[in-house]
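A short worksheet on the structure shown next.
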Amino acid sequence: MKLKRTKINKHLVKVSIGCELDQHTGTICGELEIDLEYASKFNSEFMALIQEYDQQIILCFENVPYIDSEGLWAVFDIYRKLADQGKTLVISNPNENVKRVFKIIKLDSKIKIFNTEEQAIKNFEGLKNF
């Protein structure tokens with residue numbers, strides 16, 4: 001499992017998830033299921049990656065084909081920890097199956113989900129700390 005933090009502006013970052021980092025392009029690639037095997041590691045590594053000045057975080061699910069209940073709990077726990085710090089978490093690029101799971105358990109009522117990274121960025125435009 002690999003996570004990569006990419007700064008978009010002073011307060012906005014994107015965190016990408018995948019199974020490997022392409023050494024030539026520096027991009028995260030390879031699909032990674034956020035399930036019982038990876039949920040705890042994902043949670044701890046994600047929180048370690050976020051800096052105190054990161055106020056808005058886009059969690060890119062482009063390489064996540066599947067998420068189970070442990071993975072959902074990990075995402076919700078991250079959301080809760082960030083919200084307690086006054087930070088905002090949104091999700092971008094989920095596939096239809098992952099998006100459906102978020103809707104079924106109504107996690108999309110807490111965490112905004114966007115089809116693209118561009119839509120997620122536009123969500124933050126005009127906000128304080130953008």
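Every chain in the structure tokens has a letter given in the order shown (A, B, ...), and although residue numbers restart at 1 in each chain, ligands are simply numbered from 1 in the order shown.
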Would you mind listing what lies within 9 Å of A:Thr27 as number ranges by chain, with only C-alpha atoms counted and same-chain residues fewer than 6 positions away left out?
-> A: 4, 16, 20-21
Every residue of chain A that DSSP places in alpha helix (DSSP H), as a short mmCIF file (atom, residue, chain, number, x, y, z; two decimals) with all heavy atoms, in the first residue's frame:
```cif
data_model
loop_
_atom_site.label_atom_id
_atom_site.label_comp_id
_atom_site.auth_asym_id
_atom_site.auth_seq_id
_atom_site.Cartn_x
_atom_site.Cartn_y
_atom_site.Cartn_z
N ALA A 39 -7.05 -1.74 6.16
CA ALA A 39 -7.79 -0.63 6.77
C ALA A 39 -7.02 0.07 7.88
O ALA A 39 -6.91 1.29 7.91
CB ALA A 39 -9.14 -1.12 7.28
N SER A 40 -6.47 -0.68 8.81
CA SER A 40 -5.76 -0.08 9.94
C SER A 40 -4.50 0.66 9.47
O SER A 40 -4.23 1.79 9.90
CB SER A 40 -5.39 -1.16 10.95
OG SER A 40 -4.69 -0.60 12.02
N LYS A 41 -3.75 0.04 8.58
CA LYS A 41 -2.53 0.66 8.05
C LYS A 41 -2.89 1.93 7.27
O LYS A 41 -2.21 2.95 7.38
CB LYS A 41 -1.80 -0.33 7.16
CG LYS A 41 -0.49 0.18 6.62
CD LYS A 41 0.23 -0.88 5.81
CE LYS A 41 1.53 -0.31 5.28
NZ LYS A 41 2.27 -1.25 4.46
N PHE A 42 -3.96 1.88 6.48
CA PHE A 42 -4.42 3.03 5.72
C PHE A 42 -4.73 4.19 6.67
O PHE A 42 -4.28 5.31 6.46
CB PHE A 42 -5.64 2.65 4.89
CG PHE A 42 -6.41 3.82 4.36
CD1 PHE A 42 -5.85 4.66 3.41
CD2 PHE A 42 -7.70 4.08 4.80
CE1 PHE A 42 -6.56 5.75 2.92
CE2 PHE A 42 -8.41 5.15 4.31
CZ PHE A 42 -7.84 5.99 3.38
N ASN A 43 -5.48 3.91 7.73
CA ASN A 43 -5.86 4.95 8.69
C ASN A 43 -4.62 5.60 9.31
O ASN A 43 -4.48 6.83 9.30
CB ASN A 43 -6.75 4.33 9.77
CG ASN A 43 -7.35 5.36 10.70
OD1 ASN A 43 -6.73 6.36 11.02
ND2 ASN A 43 -8.55 5.10 11.14
N SER A 44 -3.70 4.80 9.83
CA SER A 44 -2.54 5.37 10.51
C SER A 44 -1.60 6.09 9.54
O SER A 44 -1.09 7.17 9.86
CB SER A 44 -1.80 4.30 11.30
OG SER A 44 -1.33 3.28 10.46
N GLU A 45 -1.37 5.53 8.37
CA GLU A 45 -0.48 6.18 7.41
C GLU A 45 -1.10 7.47 6.86
O GLU A 45 -0.39 8.45 6.64
CB GLU A 45 -0.11 5.22 6.29
CG GLU A 45 0.86 4.15 6.73
CD GLU A 45 1.40 3.31 5.59
OE1 GLU A 45 1.30 3.72 4.42
OE2 GLU A 45 1.94 2.23 5.89
N PHE A 46 -2.40 7.48 6.65
CA PHE A 46 -3.07 8.68 6.18
C PHE A 46 -2.92 9.80 7.19
O PHE A 46 -2.54 10.92 6.85
CB PHE A 46 -4.56 8.40 5.92
CG PHE A 46 -5.31 9.59 5.40
CD1 PHE A 46 -5.46 9.79 4.04
CD2 PHE A 46 -5.84 10.53 6.26
CE1 PHE A 46 -6.14 10.90 3.55
CE2 PHE A 46 -6.51 11.64 5.79
CZ PHE A 46 -6.66 11.82 4.43
N MET A 47 -3.21 9.52 8.47
CA MET A 47 -3.13 10.56 9.49
C MET A 47 -1.70 11.05 9.67
O MET A 47 -1.49 12.24 9.94
CB MET A 47 -3.72 10.05 10.81
CG MET A 47 -5.23 9.82 10.76
SD MET A 47 -6.20 11.24 10.16
CE MET A 47 -5.92 12.44 11.44
N ALA A 48 -0.72 10.19 9.50
CA ALA A 48 0.68 10.61 9.61
C ALA A 48 1.10 11.50 8.45
O ALA A 48 1.99 12.35 8.59
CB ALA A 48 1.59 9.38 9.67
N LEU A 49 0.44 11.35 7.32
CA LEU A 49 0.78 12.10 6.11
C LEU A 49 0.25 13.54 6.13
O LEU A 49 0.84 14.43 5.54
CB LEU A 49 0.18 11.35 4.91
CG LEU A 49 0.67 11.65 3.52
CD1 LEU A 49 2.15 11.31 3.39
CD2 LEU A 49 -0.13 10.82 2.52
N SER A 69 -16.35 -3.25 5.05
CA SER A 69 -16.79 -2.54 6.25
C SER A 69 -15.62 -2.00 7.07
O SER A 69 -15.71 -0.90 7.63
CB SER A 69 -17.68 -3.44 7.11
OG SER A 69 -16.97 -4.60 7.51
N GLU A 70 -14.52 -2.74 7.13
CA GLU A 70 -13.34 -2.23 7.84
C GLU A 70 -12.76 -1.00 7.14
O GLU A 70 -12.33 -0.06 7.79
CB GLU A 70 -12.27 -3.32 7.96
CG GLU A 70 -12.63 -4.43 8.92
CD GLU A 70 -12.72 -3.97 10.35
OE1 GLU A 70 -11.88 -3.16 10.79
OE2 GLU A 70 -13.64 -4.43 11.05
N GLY A 71 -12.74 -1.03 5.83
CA GLY A 71 -12.27 0.12 5.06
C GLY A 71 -13.17 1.32 5.24
O GLY A 71 -12.70 2.46 5.39
N LEU A 72 -14.48 1.08 5.25
CA LEU A 72 -15.43 2.17 5.48
C LEU A 72 -15.24 2.77 6.86
O LEU A 72 -15.28 3.99 7.03
CB LEU A 72 -16.87 1.66 5.32
CG LEU A 72 -17.26 1.32 3.89
CD1 LEU A 72 -18.54 0.50 3.89
CD2 LEU A 72 -17.43 2.57 3.05
N TRP A 73 -15.02 1.91 7.85
CA TRP A 73 -14.78 2.42 9.20
C TRP A 73 -13.51 3.26 9.23
O TRP A 73 -13.47 4.32 9.86
CB TRP A 73 -14.70 1.29 10.22
CG TRP A 73 -14.33 1.82 11.56
CD1 TRP A 73 -13.16 1.63 12.21
CD2 TRP A 73 -15.10 2.70 12.39
NE1 TRP A 73 -13.15 2.33 13.40
CE2 TRP A 73 -14.33 3.00 13.54
CE3 TRP A 73 -16.35 3.28 12.27
CZ2 TRP A 73 -14.77 3.83 14.55
CZ3 TRP A 73 -16.79 4.12 13.29
CH2 TRP A 73 -16.02 4.38 14.40
N ALA A 74 -12.47 2.82 8.54
CA ALA A 74 -11.21 3.57 8.50
C ALA A 74 -11.44 4.95 7.89
O ALA A 74 -10.95 5.96 8.42
CB ALA A 74 -10.14 2.81 7.72
N VAL A 75 -12.19 5.02 6.79
CA VAL A 75 -12.47 6.31 6.15
C VAL A 75 -13.29 7.19 7.09
O VAL A 75 -13.00 8.39 7.25
CB VAL A 75 -13.20 6.11 4.80
CG1 VAL A 75 -13.69 7.44 4.24
CG2 VAL A 75 -12.29 5.41 3.80
N PHE A 76 -14.31 6.61 7.73
CA PHE A 76 -15.13 7.40 8.66
C PHE A 76 -14.29 7.89 9.84
O PHE A 76 -14.43 9.03 10.28
CB PHE A 76 -16.34 6.62 9.16
CG PHE A 76 -17.18 7.42 10.10
CD1 PHE A 76 -17.99 8.44 9.63
CD2 PHE A 76 -17.14 7.18 11.46
CE1 PHE A 76 -18.75 9.21 10.49
CE2 PHE A 76 -17.90 7.95 12.34
CZ PHE A 76 -18.70 8.96 11.85
N ASP A 77 -13.41 7.05 10.35
CA ASP A 77 -12.56 7.44 11.47
C ASP A 77 -11.64 8.59 11.08
O ASP A 77 -11.44 9.54 11.85
CB ASP A 77 -11.75 6.23 11.95
CG ASP A 77 -11.04 6.50 13.25
OD1 ASP A 77 -11.69 7.00 14.20
OD2 ASP A 77 -9.83 6.22 13.34
N ILE A 78 -11.10 8.54 9.87
CA ILE A 78 -10.27 9.64 9.35
C ILE A 78 -11.10 10.92 9.26
O ILE A 78 -10.68 11.99 9.70
CB ILE A 78 -9.66 9.27 7.98
CG1 ILE A 78 -8.57 8.22 8.17
CG2 ILE A 78 -9.14 10.50 7.26
CD1 ILE A 78 -8.11 7.57 6.88
N TYR A 79 -12.30 10.79 8.68
CA TYR A 79 -13.21 11.94 8.56
C TYR A 79 -13.46 12.56 9.95
O TYR A 79 -13.37 13.78 10.13
CB TYR A 79 -14.53 11.50 7.93
CG TYR A 79 -15.66 12.44 8.19
CD1 TYR A 79 -15.79 13.63 7.46
CD2 TYR A 79 -16.59 12.19 9.19
CE1 TYR A 79 -16.82 14.51 7.72
CE2 TYR A 79 -17.62 13.07 9.46
CZ TYR A 79 -17.73 14.23 8.72
OH TYR A 79 -18.74 15.12 8.99
N ARG A 80 -13.76 11.72 10.93
CA ARG A 80 -14.08 12.19 12.28
C ARG A 80 -12.88 12.90 12.92
O ARG A 80 -13.02 13.98 13.50
CB ARG A 80 -14.51 11.00 13.14
CG ARG A 80 -15.02 11.35 14.51
CD ARG A 80 -15.41 10.11 15.30
NE ARG A 80 -14.38 9.07 15.29
CZ ARG A 80 -13.27 9.10 16.04
NH1 ARG A 80 -13.04 10.11 16.84
NH2 ARG A 80 -12.40 8.11 15.99
N LYS A 81 -11.71 12.31 12.79
CA LYS A 81 -10.50 12.93 13.36
C LYS A 81 -10.22 14.28 12.72
O LYS A 81 -9.87 15.25 13.40
CB LYS A 81 -9.30 12.01 13.17
CG LYS A 81 -9.32 10.79 14.06
CD LYS A 81 -8.17 9.86 13.70
CE LYS A 81 -8.23 8.57 14.49
NZ LYS A 81 -7.20 7.61 14.05
N LEU A 82 -10.36 14.35 11.40
CA LEU A 82 -10.12 15.61 10.70
C LEU A 82 -11.17 16.65 11.07
O LEU A 82 -10.83 17.82 11.29
CB LEU A 82 -10.09 15.38 9.19
CG LEU A 82 -8.91 14.55 8.66
CD1 LEU A 82 -9.09 14.26 7.19
CD2 LEU A 82 -7.58 15.24 8.92
N ALA A 83 -12.44 16.24 11.15
CA ALA A 83 -13.51 17.17 11.51
C ALA A 83 -13.28 17.73 12.92
O ALA A 83 -13.51 18.91 13.16
CB ALA A 83 -14.87 16.47 11.42
N ASP A 84 -12.79 16.89 13.83
CA ASP A 84 -12.49 17.36 15.19
C ASP A 84 -11.39 18.42 15.19
O ASP A 84 -11.31 19.23 16.11
CB ASP A 84 -12.06 16.19 16.08
CG ASP A 84 -13.21 15.28 16.47
OD1 ASP A 84 -14.39 15.66 16.24
OD2 ASP A 84 -12.94 14.17 16.99
N GLU A 96 -18.17 3.29 -9.53
CA GLU A 96 -19.60 3.22 -9.22
C GLU A 96 -19.90 2.27 -8.06
O GLU A 96 -20.77 2.55 -7.24
CB GLU A 96 -20.40 2.82 -10.46
CG GLU A 96 -20.47 3.90 -11.52
CD GLU A 96 -21.06 5.21 -10.99
OE1 GLU A 96 -22.10 5.18 -10.28
OE2 GLU A 96 -20.48 6.28 -11.28
N ASN A 97 -19.19 1.16 -7.96
CA ASN A 97 -19.42 0.21 -6.87
C ASN A 97 -19.06 0.81 -5.51
O ASN A 97 -19.80 0.66 -4.54
CB ASN A 97 -18.65 -1.08 -7.09
CG ASN A 97 -19.19 -1.89 -8.23
OD1 ASN A 97 -20.39 -1.85 -8.53
ND2 ASN A 97 -18.32 -2.62 -8.90
N VAL A 98 -17.93 1.49 -5.44
CA VAL A 98 -17.51 2.12 -4.19
C VAL A 98 -18.48 3.24 -3.83
O VAL A 98 -18.91 3.37 -2.68
CB VAL A 98 -16.06 2.64 -4.29
CG1 VAL A 98 -15.70 3.52 -3.10
CG2 VAL A 98 -15.09 1.47 -4.41
N LYS A 99 -18.86 4.03 -4.81
CA LYS A 99 -19.81 5.12 -4.58
C LYS A 99 -21.14 4.57 -4.05
O LYS A 99 -21.74 5.13 -3.13
CB LYS A 99 -20.04 5.90 -5.87
CG LYS A 99 -20.69 7.24 -5.66
CD LYS A 99 -21.01 8.01 -6.92
CE LYS A 99 -20.01 7.93 -8.01
NZ LYS A 99 -20.39 8.73 -9.18
N ARG A 100 -21.60 3.46 -4.62
CA ARG A 100 -22.85 2.83 -4.19
C ARG A 100 -22.77 2.40 -2.72
O ARG A 100 -23.71 2.61 -1.95
CB ARG A 100 -23.17 1.63 -5.09
CG ARG A 100 -24.49 0.98 -4.80
CD ARG A 100 -24.83 -0.11 -5.81
NE ARG A 100 -23.78 -1.09 -6.00
CZ ARG A 100 -23.57 -2.14 -5.20
NH1 ARG A 100 -24.33 -2.34 -4.16
NH2 ARG A 100 -22.60 -2.99 -5.46
N VAL A 101 -21.64 1.83 -2.31
CA VAL A 101 -21.46 1.41 -0.92
C VAL A 101 -21.54 2.62 0.02
O VAL A 101 -22.20 2.56 1.06
CB VAL A 101 -20.13 0.64 -0.73
CG1 VAL A 101 -19.85 0.38 0.73
CG2 VAL A 101 -20.15 -0.66 -1.51
N PHE A 102 -20.91 3.72 -0.35
CA PHE A 102 -20.98 4.93 0.47
C PHE A 102 -22.42 5.41 0.60
O PHE A 102 -22.84 5.87 1.66
CB PHE A 102 -20.11 6.04 -0.12
CG PHE A 102 -18.67 5.98 0.31
CD1 PHE A 102 -17.75 5.21 -0.38
CD2 PHE A 102 -18.24 6.69 1.40
CE1 PHE A 102 -16.43 5.16 0.01
CE2 PHE A 102 -16.91 6.65 1.82
CZ PHE A 102 -16.01 5.87 1.12
N LYS A 103 -23.18 5.32 -0.49
CA LYS A 103 -24.58 5.76 -0.47
C LYS A 103 -25.44 4.83 0.36
O LYS A 103 -26.31 5.28 1.10
CB LYS A 103 -25.13 5.88 -1.89
CG LYS A 103 -24.57 7.06 -2.63
CD LYS A 103 -25.14 7.15 -4.04
CE LYS A 103 -24.41 8.21 -4.80
NZ LYS A 103 -25.18 9.38 -5.07
N ILE A 104 -25.23 3.52 0.24
CA ILE A 104 -26.04 2.55 0.97
C ILE A 104 -25.94 2.78 2.48
O ILE A 104 -26.94 2.73 3.19
CB ILE A 104 -25.62 1.10 0.61
CG1 ILE A 104 -26.10 0.76 -0.79
CG2 ILE A 104 -26.16 0.09 1.63
CD1 ILE A 104 -25.54 -0.55 -1.34
N GLU A 117 -11.47 14.90 -9.66
CA GLU A 117 -10.65 15.77 -8.81
C GLU A 117 -11.00 17.23 -9.06
O GLU A 117 -11.05 18.03 -8.13
CB GLU A 117 -9.18 15.51 -9.11
CG GLU A 117 -8.23 16.34 -8.28
CD GLU A 117 -6.78 16.08 -8.63
OE1 GLU A 117 -6.44 14.97 -9.08
OE2 GLU A 117 -5.97 17.00 -8.44
N GLU A 118 -11.26 17.59 -10.32
CA GLU A 118 -11.61 18.97 -10.66
C GLU A 118 -12.87 19.41 -9.92
O GLU A 118 -12.95 20.54 -9.43
CB GLU A 118 -11.79 19.13 -12.17
CG GLU A 118 -10.50 18.95 -12.96
CD GLU A 118 -10.08 17.48 -13.13
OE1 GLU A 118 -10.93 16.57 -13.04
OE2 GLU A 118 -8.87 17.25 -13.32
N GLN A 119 -13.88 18.54 -9.86
CA GLN A 119 -15.11 18.87 -9.14
C GLN A 119 -14.83 19.06 -7.65
O GLN A 119 -15.38 19.95 -7.02
CB GLN A 119 -16.16 17.77 -9.34
CG GLN A 119 -16.72 17.69 -10.72
CD GLN A 119 -17.60 16.47 -10.91
OE1 GLN A 119 -17.51 15.48 -10.19
NE2 GLN A 119 -18.47 16.53 -11.92
N ALA A 120 -13.97 18.22 -7.10
CA ALA A 120 -13.62 18.33 -5.69
C ALA A 120 -12.91 19.65 -5.41
O ALA A 120 -13.20 20.32 -4.40
CB ALA A 120 -12.74 17.15 -5.27
N ILE A 121 -12.00 20.04 -6.27
CA ILE A 121 -11.28 21.32 -6.10
C ILE A 121 -12.26 22.48 -6.18
O ILE A 121 -12.22 23.40 -5.35
CB ILE A 121 -10.15 21.46 -7.15
CG1 ILE A 121 -9.05 20.44 -6.86
CG2 ILE A 121 -9.59 22.88 -7.14
CD1 ILE A 121 -8.01 20.32 -7.97
N LYS A 122 -13.19 22.45 -7.14
CA LYS A 122 -14.17 23.53 -7.28
C LYS A 122 -15.04 23.66 -6.03
O LYS A 122 -15.47 24.75 -5.69
CB LYS A 122 -15.05 23.31 -8.50
CG LYS A 122 -14.35 23.64 -9.78
CD LYS A 122 -15.27 23.53 -10.97
CE LYS A 122 -14.43 23.74 -12.19
NZ LYS A 122 -15.09 24.38 -13.27
N ASN A 123 -15.26 22.54 -5.35
CA ASN A 123 -16.03 22.55 -4.11
C ASN A 123 -15.40 23.48 -3.07
O ASN A 123 -16.09 24.12 -2.30
CB ASN A 123 -16.13 21.13 -3.55
CG ASN A 123 -16.73 21.07 -2.17
OD1 ASN A 123 -17.92 21.30 -1.99
ND2 ASN A 123 -15.91 20.76 -1.19
N PHE A 124 -14.08 23.56 -3.07
CA PHE A 124 -13.37 24.36 -2.07
C PHE A 124 -13.15 25.81 -2.50
O PHE A 124 -12.84 26.65 -1.67
CB PHE A 124 -12.01 23.72 -1.75
CG PHE A 124 -12.12 22.42 -1.02
CD1 PHE A 124 -11.74 21.24 -1.61
CD2 PHE A 124 -12.62 22.39 0.27
CE1 PHE A 124 -11.84 20.04 -0.94
CE2 PHE A 124 -12.72 21.20 0.97
CZ PHE A 124 -12.34 20.03 0.37
#
```
Computed gap from atom CA of A:Asn93 to atom CA of A:Lys10 is 22.2 Å
For A:Ile58, list every protein, DNA or RNA residue within 10 Å, evaluated using only C-alpha atoms, and leave out those in the same chain fewer than 3 positions away; present the list as a PyMOL selection string.
-> chain A and resi 5-6+8+12-16+61+88-93+112-114+117+120-121+124
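Looking only at stretch 12-125 of chain A, the set that DSSP places in strand (DSSP E or B) from backbone geometry is Leu12, Val13, Lys14, Val15, Ser16, Ile17, Gly18, Glu20, Leu21, Ile28, Cys29, Ile34, Gln56, Ile57, Ile58, Leu59, Cys60, Ile67, Thr88, Leu89, Val90, Ile91, Ser92, Lys112, Ile113 and Phe114 of chain A.
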